[in-house]
Number of protein chains: 2
Amino acid sequence: MPTPDPLSTTFAALADPTRRAILARLVAGECSVTELAQPFKMSMPAVSKHLRVLERARLIVRRRDAQWRRCRIDAGPLKDVANWAERYRHLWEARFDRLDKYLEELQTKEKSHARKKRRQ
Amino acid sequence: MPTPDPLSTTFAALADPTRRAILARLVAGECSVTELAQPFKMSMPAVSKHLRVLERARLIVRRRDAQWRRCRIDAGPLKDVANWAERYRHLWEARFDRLDKYLEELQTKEKSHARKKRRQ
């Protein structure tokens with residue numbers, strides 16, 4: 001298997017709710033692997049496996065601090081994700097514009113219908 | 001295996017450069033599966049497999065038009081990706097602010113060093 005490109009590696013790492021929850025936890029600051037594992041009903045090896053995936057994707061950095069292994073988030077690859085998705089913004093905005101227009105048309109129709117009813 | 005959550009399904013679908021290239025192609029407008037397959041040196045079954053993954057993730061919609069199968073992009077899930085990544089914006093902006101500050105400090109040091117040299 002060829003090595004995936006960085007963006008594919010980032011997306012693959014983010015395709016798991018536990019790994020996204022770990023990143024969300026790390027926004028509050030660096031913490032130990034034990035602290036990170038606490039909210040998850042998961043074995044330490046399972047948590048460590050998720051951390052390895054995040055580390056390979058450069059989404060976290062691990063360092064040894066005395067007997068602790070501490071992790072911190074690296075948001076660099078998330079910036080690339082945001083930049084990539086932004087290229088499609090005009091598409092979803094156009095979709096909401098069309099929905100707005102449709103709702104406006106519905107309201108206009110309803111008002112004219114109510115006016116006709118009052119006249120009868 | 002439990003069904004993955006929608007955001008995990010989206011990220012998994014995006015974790016492939018061919019699938020991202022298919023989405024980029026569809027920004028220009030709806031097209032047939034044959035047209036979509038052309039730029040890729042890939043068998044039709046391989047392209048079809050990628051399209052199935054994109055369809056399951058609701059990133060594309062396929063419809064039959066006479067003998068053709070036509071595809072269009074649905075940017076809805078990409079909006080969710082952008083919204084998710086945006087939550088981390090303050091982190092990467094802080095990182096660039098720190099880098100800016102560091103470069104400013106370097107420039108100030110260099111200028112004061114050059115001044116001292118001129119005085120000697």
# chains A, B, ... in the order shown; residues from 1 in each chain; ligands from 1
call {"tool": "closest_atom_pairs", "arguments": {"of": "range 13-91 of chain A", "to": "range 24-43 of chain B", "cutoff": "10 Å", "atoms": "only C-alpha atoms", "output": "Markdown table"}}
result
| residue | atom | partner | partner_atom | distance |
| --- | --- | --- | --- | --- |
| A:Arg87 | CA | B:Ala24 | CA | 9.0 |
| A:Tyr88 | CA | B:Val27 | CA | 7.9 |
| A:His90 | CA | B:Val27 | CA | 9.7 |
| A:Leu91 | CA | B:Val27 | CA | 7.9 |
call {"tool": "interface_residues", "arguments": {"of": "chain B", "to": "chain A", "cutoff": "10 Å", "atoms": "only C-alpha atoms", "output": "PyMOL selection string"}}
result
chain B and resi 4-17+20+23-24+27+73-96
call {"tool": "select_by_dssp", "arguments": {"residues": "chain B", "states": "helix (DSSP H, G or I)", "output": "PyMOL selection string"}}
result
chain B and resi 6-14+17-26+33-37+44-56+76-86+89-119
call {"tool": "atom_distance", "arguments": {"atom1": "CA of Arg70 in chain A", "atom2": "CA of Ala57 in chain A"}}
result
17.0 Å
call {"tool": "select_by_dssp", "arguments": {"residues": "chain A", "states": "strand (DSSP E)", "output": "ChimeraX atom specification"}}
result
/A:31-32,60-65,68-73
